[in-house]
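Chemist: Pasting structure.txt here (compact mmCIF, C-alpha atoms):
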```
# COMPACT_ATOMS: atom_id res chain seq x y z
CA MET N 1 125.95 161.95 54.90
CA ASN N 2 128.21 161.59 57.95
CA ARG N 3 128.87 158.29 59.71
CA ARG N 4 126.46 158.93 62.56
CA SER N 5 123.62 159.68 60.13
CA PHE N 6 124.55 156.54 58.25
CA ILE N 7 124.35 154.46 61.43
CA GLN N 8 120.96 155.97 62.29
CA MET N 9 119.72 155.26 58.76
CA LEU N 10 120.71 151.62 59.17
CA SER N 11 118.75 151.47 62.40
CA ALA N 12 115.62 152.82 60.73
CA THR N 13 115.76 150.24 57.95
CA ALA N 14 116.91 147.27 60.04
CA GLY N 15 113.46 145.77 60.40
CA ALA N 16 112.79 145.83 56.69
CA CYS N 17 116.11 144.46 55.48
CA ALA N 18 117.10 142.30 58.50
CA PHE N 19 120.50 143.99 58.69
CA PRO N 20 122.99 141.38 59.94
CA SER N 21 125.24 141.77 62.96
CA ILE N 22 128.27 141.44 60.68
CA ALA N 23 128.72 143.89 57.81
CA SER N 24 127.10 142.61 54.62
CA ALA N 25 128.88 142.21 51.29
CA GLN N 26 127.51 145.55 50.12
CA THR N 27 129.33 147.36 52.92
CA LEU N 28 132.66 145.66 52.31
CA GLY N 29 135.47 146.77 50.08
CA LEU N 30 136.78 144.53 47.32
CA ASN N 31 139.45 143.18 49.66
CA GLY N 32 136.82 141.93 52.13
CA LYS N 33 137.39 144.73 54.62
CA THR N 34 134.85 147.31 55.72
CA ALA N 35 134.64 150.18 53.25
CA PRO N 36 136.13 153.44 54.64
CA SER N 37 132.80 155.28 54.58
CA ASN N 38 131.23 152.64 56.82
CA ARG N 39 133.89 152.35 59.48
CA ILE N 40 132.92 153.50 62.96
CA THR N 41 135.36 156.20 64.07
CA LEU N 42 136.71 155.94 67.60
CA GLY N 43 138.46 158.00 70.22
CA PHE N 44 140.18 156.36 73.18
CA ILE N 45 140.11 158.01 76.61
CA GLY N 46 142.70 156.33 78.81
CA VAL N 47 145.26 154.11 77.07
CA GLY N 48 147.08 152.38 79.93
CA GLY N 49 146.29 148.86 81.11
CA MET N 50 142.88 147.80 79.80
CA GLY N 51 142.69 150.83 77.52
CA SER N 52 145.94 149.90 75.80
CA GLY N 53 144.81 146.32 75.24
CA THR N 54 141.43 147.34 73.84
CA MET N 55 143.04 149.99 71.64
CA ARG N 56 145.52 147.51 70.17
CA ALA N 57 142.76 145.03 69.41
CA ALA N 58 140.61 147.76 67.86
CA ALA N 59 143.48 148.88 65.64
CA GLY N 60 143.29 145.45 64.01
CA ASN N 61 139.51 145.50 63.63
CA SER N 62 138.51 146.54 60.11
CA ARG N 63 135.08 147.71 61.29
CA VAL N 64 136.53 150.71 63.13
CA GLU N 65 139.03 153.51 62.67
CA ILE N 66 140.87 155.20 65.55
CA LEU N 67 141.20 158.97 65.13
CA SER N 68 142.35 160.15 68.55
CA VAL N 69 143.82 158.94 71.85
CA CYS N 70 143.66 160.78 75.17
CA ASP N 71 145.70 160.23 78.31
CA VAL N 72 146.95 162.50 81.07
CA ASP N 73 150.25 160.61 80.79
CA ARG N 74 151.82 161.98 77.59
CA GLY N 75 154.17 159.02 77.40
CA ARG N 76 151.28 156.59 77.27
CA ALA N 77 149.42 158.73 74.76
CA THR N 78 152.46 158.84 72.48
CA ILE N 79 152.95 155.07 72.65
CA ALA N 80 149.29 154.55 71.75
CA GLN N 81 149.46 157.05 68.90
CA GLU N 82 152.54 155.36 67.47
CA HIS N 83 150.85 151.96 67.59
CA VAL N 84 147.79 153.26 65.75
CA GLU N 85 149.91 155.00 63.12
CA ARG N 86 151.88 151.78 62.51
CA ALA N 87 148.69 149.73 62.23
CA TYR N 88 147.25 152.14 59.67
CA ALA N 89 150.52 152.92 57.85
CA PRO N 90 149.50 151.45 54.45
CA ARG N 91 146.21 153.37 54.50
CA LYS N 92 147.97 156.56 55.55
CA GLN N 93 150.44 156.24 52.68
CA SER N 94 147.55 155.88 50.24
CA GLY N 95 145.83 158.95 51.67
CA GLU N 96 142.88 156.95 52.99
CA TYR N 97 143.78 157.63 56.64
CA LYS N 98 144.59 161.13 57.92
CA GLY N 99 146.26 160.17 61.19
CA CYS N 100 145.74 159.82 64.94
CA ASP N 101 146.11 162.81 67.23
CA THR N 102 146.67 162.96 71.00
CA THR N 103 145.33 165.10 73.81
CA GLY N 104 145.51 165.16 77.59
CA ASP N 105 141.98 166.53 78.00
CA PHE N 106 139.10 164.20 77.10
CA ARG N 107 136.79 167.17 76.55
CA LYS N 108 138.78 168.17 73.47
CA LEU N 109 138.34 164.69 72.04
CA LEU N 110 134.59 164.83 72.68
CA GLU N 111 134.34 168.09 70.74
CA ARG N 112 135.33 166.35 67.51
CA LYS N 113 132.36 165.88 65.19
CA ASP N 114 134.14 163.20 63.15
CA ILE N 115 134.34 160.76 66.09
CA ASP N 116 131.32 158.46 66.39
CA ALA N 117 132.15 156.67 69.62
CA VAL N 118 134.57 156.57 72.52
CA VAL N 119 136.26 153.87 74.57
CA ILE N 120 136.76 154.97 78.20
CA SER N 121 139.36 153.09 80.26
CA THR N 122 140.26 155.56 83.00
CA PRO N 123 140.65 154.92 86.76
CA ASP N 124 137.32 154.47 88.54
CA HIS N 125 137.15 158.05 89.86
CA TRP N 126 137.34 159.23 86.25
CA HIS N 127 134.48 157.11 84.84
CA ALA N 128 131.45 159.30 85.47
CA LEU N 129 132.37 162.62 83.87
CA PRO N 130 133.69 161.23 80.55
CA VAL N 131 130.67 158.93 80.18
CA ILE N 132 128.14 161.65 80.94
CA LEU N 133 129.78 164.24 78.70
CA ALA N 134 130.26 161.69 75.91
CA ALA N 135 126.56 160.83 76.05
CA ARG N 136 125.63 164.51 75.93
CA ALA N 137 127.93 164.88 72.91
CA GLY N 138 126.02 162.10 71.15
CA LYS N 139 128.89 159.60 71.22
CA ASP N 140 128.29 155.88 71.64
CA ILE N 141 130.32 154.53 74.56
CA TYR N 142 132.33 151.51 75.62
CA ALA N 143 133.38 152.04 79.25
CA GLU N 144 135.28 149.82 81.62
CA LYS N 145 133.73 148.45 84.78
CA PRO N 146 133.00 149.18 87.56
CA LEU N 147 130.56 151.71 86.21
CA ALA N 148 131.22 154.40 88.80
CA LEU N 149 132.87 155.33 92.07
CA THR N 150 129.54 156.11 93.76
CA ILE N 151 125.88 155.20 93.43
CA ALA N 152 125.00 158.84 92.70
CA GLU N 153 127.51 158.89 89.84
CA GLY N 154 126.09 155.65 88.48
CA ARG N 155 122.53 156.96 88.48
CA ALA N 156 123.65 160.16 86.72
CA MET N 157 125.43 158.05 84.09
CA VAL N 158 122.34 155.91 83.48
CA THR N 159 120.21 159.03 83.11
CA ALA N 160 122.66 160.66 80.68
CA VAL N 161 122.98 157.58 78.48
CA GLN N 162 119.26 156.88 78.36
CA SER N 163 118.34 160.53 77.77
CA ALA N 164 120.80 160.80 74.87
CA GLY N 165 119.79 157.47 73.32
CA VAL N 166 123.40 156.41 72.80
CA VAL N 167 124.62 152.81 72.85
CA CYS N 168 126.68 152.19 75.98
CA GLN N 169 128.45 148.90 76.61
CA ILE N 170 130.13 148.35 79.98
CA GLY N 171 133.20 146.13 79.98
CA SER N 172 131.91 143.18 82.01
CA GLN N 173 133.36 140.87 79.38
CA GLN N 174 132.40 137.64 81.13
CA ARG N 175 128.86 138.17 79.85
CA SER N 176 130.38 137.40 76.44
CA SER N 177 132.44 134.42 77.67
CA SER N 178 131.41 130.98 76.37
CA THR N 179 131.69 129.32 79.79
CA PHE N 180 129.57 131.90 81.58
CA GLN N 181 127.05 132.11 78.75
CA ARG N 182 126.48 128.37 78.92
CA ALA N 183 125.94 128.47 82.68
CA ILE N 184 123.67 131.53 82.46
CA GLU N 185 121.55 129.94 79.72
CA ALA N 186 121.21 126.67 81.66
CA VAL N 187 119.95 128.44 84.77
CA ARG N 188 117.70 130.90 82.94
CA ASN N 189 116.11 128.06 80.93
CA GLY N 190 115.27 126.13 84.09
CA LEU N 191 117.60 123.18 83.54
CA LEU N 192 118.72 123.34 87.18
CA GLY N 193 115.24 123.92 88.58
CA ASN N 194 114.63 126.59 91.19
CA VAL N 195 117.65 128.39 92.61
CA LYS N 196 118.52 127.26 96.15
CA ARG N 197 121.98 128.69 96.85
CA VAL N 198 124.47 130.94 95.04
CA ARG N 199 128.09 131.54 96.03
CA VAL N 200 130.48 133.94 94.31
CA GLY N 201 134.21 133.74 94.95
CA MET N 202 136.27 136.82 94.17
CA PRO N 203 139.93 137.78 94.66
CA GLY N 204 141.08 139.89 97.58
CA ILE N 205 144.63 140.69 96.59
CA GLY N 206 146.17 144.10 97.10
CA PRO N 207 149.30 145.79 95.79
CA SER N 208 152.18 143.47 94.98
CA GLY N 209 155.87 143.37 95.91
CA ASN N 210 157.34 146.17 98.02
CA ARG N 211 154.12 148.18 97.73
CA ALA N 212 152.33 145.60 99.85
CA ARG N 213 154.92 146.00 102.61
CA LEU N 214 154.74 149.79 102.92
CA THR N 215 154.04 150.74 106.53
CA ALA N 216 156.01 153.90 107.32
CA PRO N 217 155.05 157.40 106.11
CA MET N 218 156.71 158.41 102.87
CA PRO N 219 157.88 161.83 101.68
CA PRO N 220 155.82 163.20 98.76
CA GLN N 221 157.32 162.76 95.32
CA THR N 222 157.52 165.05 92.29
CA PRO N 223 155.15 163.99 89.50
CA PRO N 224 156.89 162.96 86.27
CA ALA N 225 157.08 165.71 83.65
CA ASP N 226 154.91 163.67 81.28
CA LEU N 227 152.08 163.26 83.80
CA ASP N 228 149.43 165.94 84.32
CA TYR N 229 148.91 164.96 87.94
CA ASP N 230 146.25 167.58 88.66
CA MET N 231 144.20 166.20 85.76
CA TRP N 232 144.88 162.64 86.94
CA LEU N 233 143.34 163.55 90.30
CA GLY N 234 140.44 165.32 88.62
CA PRO N 235 137.40 165.31 90.94
CA ALA N 236 139.20 163.29 93.65
CA PRO N 237 140.50 165.04 96.78
CA TRP N 238 143.88 166.70 96.40
CA ALA N 239 146.71 164.46 97.61
CA PRO N 240 150.49 164.60 97.22
CA TYR N 241 151.86 162.54 94.37
CA PHE N 242 153.12 159.02 94.99
CA ALA N 243 154.00 156.76 92.07
CA GLU N 244 152.74 153.90 94.24
CA ARG N 245 149.18 155.26 94.10
CA CYS N 246 148.96 156.08 90.40
CA HIS N 247 148.28 154.02 87.30
CA TRP N 248 147.60 150.38 88.26
CA ASP N 249 147.86 150.95 92.01
CA PHE N 250 145.03 153.49 92.14
CA ARG N 251 142.79 150.54 92.96
CA TRP N 252 143.86 150.21 96.60
CA GLN N 253 142.76 153.71 97.71
CA PHE N 254 139.12 154.62 98.41
CA ASP N 255 139.62 158.10 96.93
CA TYR N 256 139.93 156.48 93.50
CA SER N 257 138.33 153.04 93.71
CA GLY N 258 136.57 150.48 95.87
CA GLY N 259 139.39 147.96 95.92
CA GLN N 260 139.41 144.51 94.42
CA LEU N 261 135.77 144.16 95.44
CA SER N 262 134.55 146.93 93.13
CA ASP N 263 136.93 145.75 90.41
CA TRP N 264 135.64 142.16 90.36
CA ILE N 265 132.01 142.83 91.22
CA GLY N 266 131.49 143.45 87.50
CA HIS N 267 132.71 139.95 86.61
CA HIS N 268 131.68 136.93 88.72
CA PHE N 269 128.96 138.65 90.75
CA ASP N 270 127.56 140.38 87.67
CA CYS N 271 127.15 137.01 85.93
CA ALA N 272 125.51 135.55 89.02
CA THR N 273 122.85 138.28 88.97
CA LEU N 274 122.21 137.57 85.29
CA MET N 275 121.87 133.85 86.04
CA CYS N 276 119.32 134.57 88.76
CA GLY N 277 117.34 137.16 86.79
CA VAL N 278 118.05 140.04 89.21
CA SER N 279 120.56 142.07 87.17
CA HIS N 280 117.91 144.74 86.49
CA THR N 281 117.32 145.64 90.12
CA GLY N 282 119.13 146.37 93.35
CA PRO N 283 119.20 144.36 96.57
CA VAL N 284 117.05 144.98 99.62
CA ALA N 285 119.84 144.19 102.08
CA ILE N 286 123.52 143.47 102.57
CA ARG N 287 123.98 141.01 105.44
CA GLU N 288 126.79 139.22 107.30
CA ALA N 289 129.28 141.85 106.11
CA GLN N 290 132.86 141.63 107.32
CA ALA N 291 136.23 142.67 105.92
CA LYS N 292 139.90 143.23 106.66
CA PHE N 293 141.66 146.28 105.24
CA LEU N 294 145.03 147.34 103.95
CA THR N 295 146.87 149.49 106.48
CA GLY N 296 149.74 151.87 105.99
CA PRO N 297 150.44 155.29 104.49
CA LEU N 298 149.01 154.79 100.99
CA TYR N 299 146.32 152.11 100.79
CA ASN N 300 143.07 151.45 102.66
CA THR N 301 140.74 149.13 100.69
CA ALA N 302 139.59 145.65 101.75
CA THR N 303 141.85 142.66 101.13
CA THR N 304 139.49 139.96 102.41
CA TYR N 305 135.72 140.28 102.68
CA SER N 306 132.45 138.38 102.77
CA PHE N 307 128.77 139.35 102.69
CA THR N 308 125.38 138.15 101.49
CA VAL N 309 123.25 140.10 99.03
CA ASN N 310 119.48 139.68 99.46
CA TYR N 311 116.91 140.51 96.77
CA ALA N 312 113.16 141.07 97.07
CA SER N 313 112.56 137.98 94.91
CA GLY N 314 114.10 135.78 97.60
CA ILE N 315 117.42 135.30 95.81
CA ALA N 316 120.42 135.46 98.15
CA ILE N 317 123.96 135.62 96.72
CA GLU N 318 126.88 134.87 99.05
CA VAL N 319 130.01 136.81 98.07
CA GLY N 320 133.51 136.54 99.43
CA THR N 321 137.18 135.87 99.13
CA ASN N 322 136.53 132.67 101.09
CA HIS N 323 134.66 130.97 98.23
CA ARG N 324 136.06 129.17 95.21
CA GLN N 325 136.86 131.70 92.47
CA GLY N 326 133.88 131.87 90.12
CA VAL N 327 130.17 131.18 90.58
CA GLU N 328 128.61 128.12 92.21
CA LEU N 329 124.84 127.78 91.87
CA GLU N 330 122.77 125.01 93.40
CA GLY N 331 119.28 124.35 92.06
CA THR N 332 116.54 121.87 92.89
CA GLU N 333 117.46 119.80 89.81
CA GLY N 334 121.25 120.11 89.82
CA SER N 335 124.16 122.49 90.24
CA VAL N 336 126.83 124.28 88.22
CA TYR N 337 130.25 125.77 88.88
CA VAL N 338 131.72 128.20 86.36
CA ASN N 339 134.82 130.33 86.04
CA ARG N 340 136.72 131.77 83.10
CA SER N 341 138.10 128.40 81.98
CA VAL N 342 135.52 125.74 82.94
CA VAL N 343 131.81 125.13 83.34
CA GLU N 344 131.04 122.02 85.41
CA PHE N 345 127.52 120.65 85.88
CA SER N 346 126.61 118.14 88.57
CA THR N 347 125.43 115.37 86.22
CA PRO N 348 126.45 114.06 82.78
CA GLN N 349 122.95 114.82 81.55
CA LEU N 350 123.26 118.49 82.47
CA GLN N 351 126.84 118.63 81.18
CA GLY N 352 125.66 117.47 77.76
CA ALA N 353 122.41 119.43 77.67
CA LEU N 354 121.90 121.91 74.85
CA THR N 355 120.30 125.33 75.18
CA PRO N 356 116.70 125.09 73.91
CA SER N 357 116.33 126.85 70.56
CA HIS N 358 113.23 128.65 71.83
CA GLY N 359 114.64 129.59 75.23
CA TYR N 360 116.90 132.25 76.72
CA ARG N 361 119.92 132.63 74.45
CA MET N 362 122.89 135.00 74.41
CA GLU N 363 124.66 136.33 71.34
CA ARG N 364 127.88 134.49 70.47
CA THR N 365 130.38 137.22 69.68
CA SER N 366 133.11 139.17 71.42
CA HIS N 367 132.15 141.87 73.91
CA PHE N 368 133.63 144.59 71.69
CA ASN N 369 131.95 143.30 68.52
CA ASN N 370 128.64 143.07 70.35
CA TRP N 371 128.99 146.80 71.00
CA LEU N 372 129.75 147.48 67.34
CA ASP N 373 126.78 145.35 66.27
CA CYS N 374 124.48 147.24 68.61
CA MET N 375 125.76 150.56 67.29
CA ARG N 376 124.79 149.51 63.78
CA LYS N 377 121.38 148.22 64.85
CA ARG N 378 120.77 150.83 67.60
CA SER N 379 119.99 148.01 70.00
CA THR N 380 120.82 147.17 73.62
CA PRO N 381 124.27 145.65 74.24
CA VAL N 382 124.91 142.56 76.36
CA CYS N 383 125.99 144.67 79.37
CA PRO N 384 123.86 147.83 79.37
CA VAL N 385 124.58 150.76 81.64
CA ASP N 386 121.58 150.22 83.93
CA ASP N 387 122.61 146.62 84.70
CA ALA N 388 126.19 147.79 85.34
CA HIS N 389 124.87 150.44 87.74
CA ARG N 390 122.96 147.87 89.78
CA THR N 391 126.01 145.60 89.91
CA ALA N 392 128.45 148.34 90.97
CA SER N 393 126.00 149.57 93.60
CA VAL N 394 126.38 146.29 95.49
CA ALA N 395 130.12 146.87 95.88
CA HIS N 396 129.50 150.41 97.09
CA LEU N 397 126.94 149.20 99.64
CA ALA N 398 129.20 146.43 100.91
CA ASN N 399 132.11 148.84 101.28
CA ALA N 400 129.83 151.27 103.14
CA ALA N 401 128.86 148.48 105.52
CA PHE N 402 132.50 147.48 106.08
CA ARG N 403 133.70 151.03 106.67
CA SER N 404 130.87 151.97 109.03
CA GLY N 405 131.38 148.81 111.07
CA ARG N 406 127.95 147.44 110.26
CA THR N 407 127.24 143.79 109.50
CA GLU N 408 123.92 144.63 107.85
CA LEU N 409 122.50 147.39 105.66
CA ARG N 410 118.94 147.67 104.41
CA TRP N 411 118.50 149.29 101.00
CA ASP N 412 115.58 150.71 99.03
CA PRO N 413 116.42 149.76 95.42
CA ASP N 414 113.79 152.08 93.96
CA ALA N 415 114.68 155.23 95.90
CA GLU N 416 118.33 154.12 96.05
CA ARG N 417 118.66 155.08 99.70
CA VAL N 418 120.07 153.34 102.75
CA ILE N 419 117.37 152.70 105.35
CA ASP N 420 118.02 153.95 108.91
CA ALA N 421 121.81 153.97 108.75
CA PRO N 422 123.05 157.56 108.33
CA ASP N 423 126.62 156.61 109.21
CA ALA N 424 126.74 154.15 106.31
CA GLU N 425 124.90 156.57 104.02
CA ARG N 426 127.70 159.08 104.54
CA MET N 427 130.16 156.53 103.20
CA LEU N 428 128.32 156.63 99.85
CA VAL N 429 128.81 160.38 99.36
CA ARG N 430 131.81 161.89 97.56
CA THR N 431 132.43 165.62 97.19
CA TYR N 432 134.04 166.66 93.92
CA ARG N 433 137.17 168.76 94.07
CA SER N 434 136.74 172.20 92.50
CA PRO N 435 136.24 173.06 89.68
CA TRP N 436 134.79 169.64 88.81
CA GLN N 437 131.08 169.01 89.28
CA LEU N 438 128.88 166.00 88.67
CA PRO N 439 126.34 166.96 85.98
CA VAL N 440 122.76 166.26 87.02
```
Would you encode the structure as C-alpha cells?
Modeler:
Amino acid sequence: MNRRSFIQMLSATAGACAFPSIASAQTLGLNGKTAPSNRITLGFIGVGGMGSGTMRAAAGNSRVEILSVCDVDRGRATIAQEHVERAYAPRKQSGEYKGCDTTGDFRKLLERKDIDAVVISTPDHWHALPVILAARAGKDIYAEKPLALTIAEGRAMVTAVQSAGVVCQIGSQQRSSSTFQRAIEAVRNGLLGNVKRVRVGMPGIGPSGNRARLTAPMPPQTPPADLDYDMWLGPAPWAPYFAERCHWDFRWQFDYSGGQLSDWIGHHFDCATLMCGVSHTGPVAIREAQAKFLTGPLYNTATTYSFTVNYASGIAIEVGTNHRQGVELEGTEGSVYVNRSVVEFSTPQLQGALTPSHGYRMERTSHFNNWLDCMRKRSTPVCPVDDAHRTASVAHLANAAFRSGRTELRWDPDAERVIDAPDAERMLVRTYRSPWQLPV
C-alpha cells in the first residue's frame, strides 16, 4: 500500500476510530517519531523567501519527508537540497532516507508518484499553473497567498482543487494565529453584538533602498547563469531581465503581482471577512477607491491606497494604508482591535471573556500542521482555496478600480463579472505568454 492509499484508508475509517489530529502511538516509531511508512512525502516548488522558511521548518517536522525541491534559480535549489540532506543525514546513513533531488521544472516534480503533496511558494504570476497541475496529479497542496494573479486564475484553481478532491491549504497564516483566532471567535459568537464598523489597516511600502529611488531608464542586464529567466517569466509578458524586478522585488510590478495590497489582502483583510462571516462570498461593490502608484522604469503598483468593500449582507469593510495596522471592529456591545501581537477589547469583561464551549471555535495548531491534519482526515483546512479566492478577488477588483481611474466598481459575486465598467473589466484580464495556457 502506498502512502496516498494509506491516507485515504485513514479517512474512510476516521469516523469509526476517531482518528486524532496528531499521530497516535500506533503510528509512531519507538523513538516517538512518526514511522517512515506513515510520513507524508513532500516536494517544494519555489524555495526562496517564504518557500525557504517553510522548507526548513518542514525538514524538522517528523510527520513529513522532503523528497524533492524545485526552483528556477539553481543556486537556491542547491542550498535547499543541502539543507534537507543535512537534516536527514542520520536517516540517510542508515539507509532509511534515499535523498532529495532538485529540478528547475515543477512539472517533473509533479510526475513523481512517490510524492504525496507539494508546497508552492512561487511569485504570484506562478501560482495558478502549479496548483492546477498539482491538483490534477492528485497531490495535496499548500500554496502561498495571494491565491492568484487574476480572478479567472483563482476560479480555475478552485475548480481544479474541488474536482480532484485534494486538500489545499492557502498560506493565510493569521487564521492560525492565537490573537486573530480569539478576535474572530469573539465576533462570531456574538460577544460584541451586531457589527457596526470594520477597518483594516495594511502596509503600503514598496521596494527599499536604492530600488525605491530608481527614476531613470536602465539598460537591460544579463540574467545570472544559475537563473532560468525564461522559466521565471513563465506565463508573464516577456521583459528584459533586471535583478531589481526578480525574486523579492517581483511584488512591485503588475505583470507579476498586485503590489503590497494583494500581498497583505490575505492577512488582515482575510481575517476581517472571517470575523464578519463573509469569507465564503464576494463583495457587491468596491467604493471610495483611491491610490498613489510607484513611478519609474521598473515598478508600477500602489504604495498608498484606500477603499471600502461592500457585501450583500450589509457588511462594509474599510481598507487602507491610512488605518492602524490590523483589524478594528466595532459592534453594538463593544469593540476589538487585533494585530499579530495583541488583541485588545473595549472592556475588561470582554477582555476576560472565554469562547463558549458550544460556540464557534477554531483549531489550535500551526497553519502547516492543520494542513497535515486535514490530509490525514481528508477534511477542510482552516484556509480553503475557495475562501482564498474570494479574498484575493477583492485586491484584484480594487486594483482594477485604481488603474481605470474609477472610485467605484459594482461586482456580481455569483457570475464574477464587473457590472457596466468595461474599462475596469479589461484590467482583470491577463494573456498568457506562449506556450503557456491556463487550463480550464
Chemist: I'd like the contact shell of N:Ile286 - 9 Å cut-off, only C-alpha atoms, skipping same-chain residues fewer than 2 positions apart - returned as a list in words.
Modeler: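 Result of the neighbour search: Pro283, Val284, Glu288, Ala289, Phe307, Thr308, Val309, Asn310, Val394, Leu397, Ala398, Ala401, Thr407, Glu408, Leu409, Arg410 and Trp411 of chain N.
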Chemist: Within 12 Å of stretch 263-267 of chain N, which residues of stretch 346-389 of chain N show up? Give each one with its shortest atom-to-atom distance in Å (one decimal) and the two atoms involved, counting all atoms listed in the file, rows by chain then rising residue number, as a Markdown table.
Modeler:
```
| residue | atom | partner | partner_atom | distance |
| --- | --- | --- | --- | --- |
| N:Cys383 | CA | N:Gly266 | CA | 9.9 |
| N:Pro384 | CA | N:Gly266 | CA | 12.0 |
| N:Val385 | CA | N:Gly266 | CA | 11.6 |
| N:Asp387 | CA | N:Gly266 | CA | 9.8 |
| N:Ala388 | CA | N:Gly266 | CA | 7.2 |
| N:His389 | CA | N:Gly266 | CA | 9.6 |
```
Chemist: Extending 5 Å beyond the listed atoms of stretch 349-363 of chain N on each side, what axis-aligned box results? I want centre and edge lengths in Å to one decimal, as AutoDock Vina command-line options.
Modeler:
```
--center_x 120.0 --center_y 125.6 --center_z 76.5 --size_x 23.6 --size_y 31.5 --size_z 21.9
```
Chemist: Stretch 255-259 of chain N: which residues within 6 Å, counting all atoms listed in the file, same-chain residues fewer than 5 positions away excluded, as JSON, numbers by chain?
Modeler: {"N": [124, 125, 301]}
Chemist: In Å, how far is it from atom CA of N:Ile419 to atom CA of N:Lys292?
Modeler: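 Atom-to-atom, atom CA of N:Ile419 and atom CA of N:Lys292 are spaced 24.5 Å apart.
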Chemist: Which is closer to N:Tyr299 than all the others in N:Val327, N:Cys246, N:Ala353, N:Val84, using only C-alpha atoms?
Modeler: N:Cys246
Chemist: Report as JSON lines the residues of stretch 70-135 of chain N within 12 Å of stretch 356-374 of chain N, each with its shortest atom pair and distance in Å (one decimal), using all atoms listed in the file, ordered by chain and increasing residue number.
Modeler:
```
{"residue": "N:Asp116", "atom": "CA", "partner": "N:Leu372", "partner_atom": "CA", "distance": 11.1}
{"residue": "N:Ala117", "atom": "CA", "partner": "N:Leu372", "partner_atom": "CA", "distance": 9.8}
{"residue": "N:Val118", "atom": "CA", "partner": "N:Trp371", "partner_atom": "CA", "distance": 11.4}
{"residue": "N:Val119", "atom": "CA", "partner": "N:Phe368", "partner_atom": "CA", "distance": 10.1}
```
Chemist: As an exercise, work out the distance from atom CA of N:Ala148 to atom CA of N:Arg406 in Å and give it to one decimal place.
Modeler: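 Between atom CA of N:Ala148 and atom CA of N:Arg406 the gap is 22.8 Å.
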Chemist: Go ahead and compute the interatomic distance for atom CA of N:Cys276 and atom CA of N:Ser335, in Å to one decimal.
Modeler: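 These atoms are spaced 13.1 Å apart.
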